[in-house]
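Colleague: Okay, here's the structure, questions in a sec.
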Amino acid sequence: MKDLRLERDVQTETNKIEARKVQVYYGTNHALKDVDVDILDKTVTAFIGPSGCGKSTFLRCLNRMNDTVASAKVQGAITLDGEDIYDARVDPVQLRAKIGMVFQKPNPFPKSIYDNVAYGPKIHGLTRTKAELDEVVEACLRKAALWNEVKDRLQSPGTGLSGGQQQRLCIARAIATSPEVLLMDEPCSALDPIATAQVEELIDELRSQFSVVIVTHSMQQAARVSQRTAFFHLGNLVEYGETGAIFTNPKDPRTESYITGRIG
Amino acid sequence: MSLGLLFLTVLALAALAYAIGRRRAMATVGGDLRKLHSLPTFYGWITALWVLVPVFFVAILWLFGEGFVIHNSALTHIDPADVPADSSVNLMMADVTRLAEGLSVLAAKGSDVAALEQDIDGLKIALGEAGVAMGNDPTPSMIAAAEAVRGTAAWSRIGLTVVSLALALAGFVWGYRRISPEFRARNATERVSLGLLIVASLIAVLTTVGIVFSLLANTVHFFRIYPATTFFFSATWDPKFGGGSTLGILPLVWGTLYVSAISLVVAVPIGLFSAIYLAEYASRRVRGIVKPLIEVLAGIPTIVYGLFALITVGPLLRDWIAMPMGFGNSSSTVMTAGLVMGIMIIPFVSSLSDDIINAVPQSLRDGSLGLGATPSETIRQVVIPAALPGIVGAILLAASRAIGETMIVVLGAGAAAKLSLNPFEAMTTVTVKIVSQLTGDTEFASPETLVAFALGLTLFTFTLALNVVALVIVRKYREQYE
């Protein structure tokens with residue numbers, strides 16, 4: 001019994017991503033200071049904090065999207081499954097296929113719904129035949145809870161969908177490359193409550209397949225969807241732990257002020 | 001009063017009206033601005049506009065009408081028998097106008113004009129000394145006509161002055177009486193600026209219509225005296241001075257299309273690739289240097305490009321490609337003109353495409369990069385498709401530029417109309433032939449000259465069709481992607 005439990009604990013508590021002493025500079029602006037975070041496998045981790053606190057910046061470090069910003073400089077160590085992602089041997093392009101990303105504003109490509117989802121599999125050569133690709137597209141649209149709404153118009157443009165549908169299309173597009181981690185940068189901020197509920201439900205389902213990191217402004221959302229929560233403030237990681245513990249029994253007075261609405 | 005002085009007077013009146021209107025508005029509310037509907041300056045403006053606008057329109061109509069009246073008053077003095085056989089009434093009227101101007105100059109110098117008019121030889125010498133050149137010697141009837149011109153013009157000017165000043169005053173009184181705290185001066189001024197905007201856009205549209213009609217009239221004239229089937233379907237372009245020419249447009253259209261096609265083959269890849277480099281890869285510093293340099297190409301006069309084609313590119317192509325490979329031995333070739341023209345239109349493609357690629361939202365790039373696409377995949381599969389409508393627009397703009405180009409063709413490709421597939425042969429385009437037909441020595445009413453208008457209209461239809469196609473493409477993609 002004891003062995004079994006131990007084994008299960010190890011499985012769910014595997015660190016997928018480990019970040020140590022991460023510093024980010026935008027030019028001379030020190031945007032992120034000494035951040036240590038362990039992202040667990042098959043877990044939803046929420047980053048909360050007031051605007052400009054560095055949570056999106058940190059998220060973009062995890063798949064090296066900050067490389068595309070010329071003035072950004074990242075220091076410290078971030079490992080994925082024990083391998084340093086900032087190592088010179090790591091191709092950021094390959095890395096981003098493993099760590100998918102969904103953005104704040106739905107950004108479907110100016111292509112058909114089908115081509116939007118097929119984009120990743122096509123550039124990475126994940127499928128060999130058209131039939132296989134069809135299967136992947138359908139599976140991803142089903143996982144993103146969009147299939148029933150779009151199955152009759154796969155060839156119509158993705159930009160013609162509603163905001164909530166566009167965001168789910170972007171999620172389908174992101175999971176089509178079969179990532180190991182899915183980063184979501186305020187994925188619901190442009191959506192209405194119904195679409196938000198759909199996306200949150202989706203996030204919970206996705207947890208069974210990979211770890212999800214979500215940046216959010218809504219503390220209720222963090223409480224609803226995440227198992228772990230990290231609170232950022234002014235570029236510092238203030239507190240990180242069990243979501244329930246953060247919201248009911250925060251250790252740091254700043255966290256308490258934020259979740260009770262006194263700052264932020 | 002001279003026109004300039006009248007203009008300044010009305011302007012001064014308007015300035016005065018502005019000041020008075022402003023003060024009046026303040027006075028109606030006893031200096032309490034909150035009771036006024038609009039700021040005092042708007043009351044000033046609208047009063048000034050009441051002075052200016054009616055005078056402006058009436059003056060324009062008056063000056064148009066004046067020309068007709070003066071012309072007719074002079075015509076009554078000219079005896080048709082006086083008109084020389086090799087001249088026309090219109091030519092004679094030009095002399096009358098010059099004579100009238102000359103007389104005015106002499107009068108201004110203090111000469112005794114009435115005495116001079118009796119002495120034609122003396123008049124000629126006096127005019128010569130005053131620097132007025134005459135086509136024919138003045139005759140008594142011309143002098144009478146010139147006097148009529150001067151008289152009518154003087155009276156017309158006096159009338160214009162009186163009418164303008166009266167109108168300005170009336171406008172001022174009308175505007176002044178309308179000032180009250182409730183009067184919506186702000187909205188009224190805005191309506192005037194709206195009118196100004198409408199007039200501006202109408203001018204552009206009306207000019208286009210005017211161009212079409214001026215071409216159309218002469219083209220109709222051309223087709224009355226020349227068979228349309230020959231013009232449109234004959235493969236020979238052979239104008240003869242003595243008449244009996246064959247004026248087939250096909251070789252010219254072929255030359256135009258051939259040269260334009262070559263220039264686009266040069267300009268589209270170079271322009272598009274440099275735009276992609278500048279927009280997506282180049283650092284801010286490189287972009288800041290390279291982009292203006294490319295745009296310099298657009299500022300070089302086409303005649304300079306023509307010289308470049310004539311003395312450098314043409315001989316180079318002949319000596320290194322055409323002669324060794326047996327394509328021909330002419331340095332004026334379609335290839336020369338096409339290459340040089342292609343370089344000329346690079347900035348049209350690159351500069352516009354660069355702006356359009358920059359306008360593609362960064363979120364699309366992030367989305368693609370976030371999926372593990374390389375920058376190049378992102379550009380090919382996301383950025384370019386998103387920018388395509390604009391890029392097509394840029395290319396078509398460059399194409400219409402190429403189709404209308406003349407100087408480079410004259411110097412680069414020569415003036416021989418030919419239907420041939422060999423790019424190393426001399427050919428020519430529609431625009432070149434328009435110039436050569438209009439500047440020839442043939443009579444204006446002959447088909448050899450009038451054909452220029454038919455060519456011009458064909459070219460116009462051509463570029464119009466190109467623009468319509470561009471619009472359709474742009475609209476189709478916009479519907480799909482926005």
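We label chains A, B, ... in the order they appear in the structure tokens, count residues from 1 in each chain, and number ligands from 1 in the order shown.
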Can you pull out every residue within 9 Å of Gly306 (chain B), counting only C-alpha atoms, but drop anything in the same chain fewer than 5 positions away, and send it as a ChimeraX atom specification?
Modeller: /B:301,311,337,340-341,407-412
Colleague: Those same residues - N, CA and C atoms - I'd like them written as a PDB file, in the first residue's frame.
Modeller:
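This is the output file out00.pdb:
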ATOM      1  N   PRO B 301      14.273  60.876 -62.439  1.00  0.00           N
ATOM      2  CA  PRO B 301      13.434  61.150 -63.615  1.00  0.00           C
ATOM      3  C   PRO B 301      13.552  60.022 -64.640  1.00  0.00           C
ATOM      4  N   ILE B 311      22.723  54.020 -73.024  1.00  0.00           N
ATOM      5  CA  ILE B 311      24.182  53.995 -73.138  1.00  0.00           C
ATOM      6  C   ILE B 311      24.830  52.866 -72.348  1.00  0.00           C
ATOM      7  N   ALA B 337      14.582  47.874 -72.301  1.00  0.00           N
ATOM      8  CA  ALA B 337      13.569  48.740 -71.712  1.00  0.00           C
ATOM      9  C   ALA B 337      12.895  48.051 -70.530  1.00  0.00           C
ATOM     10  N   VAL B 340      15.260  47.983 -67.366  1.00  0.00           N
ATOM     11  CA  VAL B 340      15.433  49.287 -66.735  1.00  0.00           C
ATOM     12  C   VAL B 340      14.127  49.752 -66.104  1.00  0.00           C
ATOM     13  N   MET B 341      13.018  49.505 -66.818  1.00  0.00           N
ATOM     14  CA  MET B 341      11.723  49.903 -66.269  1.00  0.00           C
ATOM     15  C   MET B 341      11.426  49.098 -65.006  1.00  0.00           C
ATOM     16  N   MET B 407       9.373  57.384 -71.730  1.00  0.00           N
ATOM     17  CA  MET B 407      10.752  57.809 -71.995  1.00  0.00           C
ATOM     18  C   MET B 407      11.708  56.617 -72.083  1.00  0.00           C
ATOM     19  N   ILE B 408      11.570  55.689 -71.123  1.00  0.00           N
ATOM     20  CA  ILE B 408      12.480  54.549 -71.099  1.00  0.00           C
ATOM     21  C   ILE B 408      12.320  53.727 -72.375  1.00  0.00           C
ATOM     22  N   VAL B 409      11.079  53.628 -72.862  1.00  0.00           N
ATOM     23  CA  VAL B 409      10.830  52.828 -74.053  1.00  0.00           C
ATOM     24  C   VAL B 409      11.459  53.488 -75.273  1.00  0.00           C
ATOM     25  N   VAL B 410      11.279  54.798 -75.371  1.00  0.00           N
ATOM     26  CA  VAL B 410      11.842  55.500 -76.526  1.00  0.00           C
ATOM     27  C   VAL B 410      13.344  55.237 -76.601  1.00  0.00           C
ATOM     28  N   LEU B 411      14.015  55.429 -75.466  1.00  0.00           N
ATOM     29  CA  LEU B 411      15.470  55.327 -75.482  1.00  0.00           C
ATOM     30  C   LEU B 411      15.950  53.883 -75.380  1.00  0.00           C
ATOM     31  N   GLY B 412      15.139  53.015 -74.767  1.00  0.00           N
ATOM     32  CA  GLY B 412      15.597  51.650 -74.550  1.00  0.00           C
ATOM     33  C   GLY B 412      15.173  50.681 -75.628  1.00  0.00           C
TER      34      GLY B 412
END
Colleague: Using only C-alpha atoms, determine which residues lie at most 7 Å from region 175-190 of chain A, disregarding the query and same-chain residues fewer than 4 positions distant; provide the list as a VMD selection string.
Modeller: chain A and resid 56 59 97 to 105 117 120 to 121 136 140 171 196 210 to 216
Colleague: Identify, on the basis of only C-alpha atoms, every residue whose closest approach to Ile391 (chain B) does not exceed 9 Å; exclude the query and any residue fewer than 2 positions from it along the same chain; express the result as number ranges by chain.
Modeller: B: 272, 349, 352-354, 356-357, 384, 387-389, 393-396
Colleague: Just the residues within 9 Å of Val53 (chain B), please, counting only C-alpha atoms, with nothing from its chain fewer than 4 positions along; format it as a count of residues only.
Modeller: 6
Colleague: List the spatial neighbours of Ser180 (chain B) as a PyMOL selection string - criterion: any atom at most 10 Å away, only C-alpha atoms, same-chain residues fewer than 4 positions off excluded.
Modeller: chain B and resi 24-29+36-37+43+176+184-185
Colleague: Should the cut-off be 12 Å, what would the residue list for chain B against chain A look like, counting only C-alpha atoms, as an NGL selection string?
Modeller: :B and (280-284 or 360-389 or 477-482)
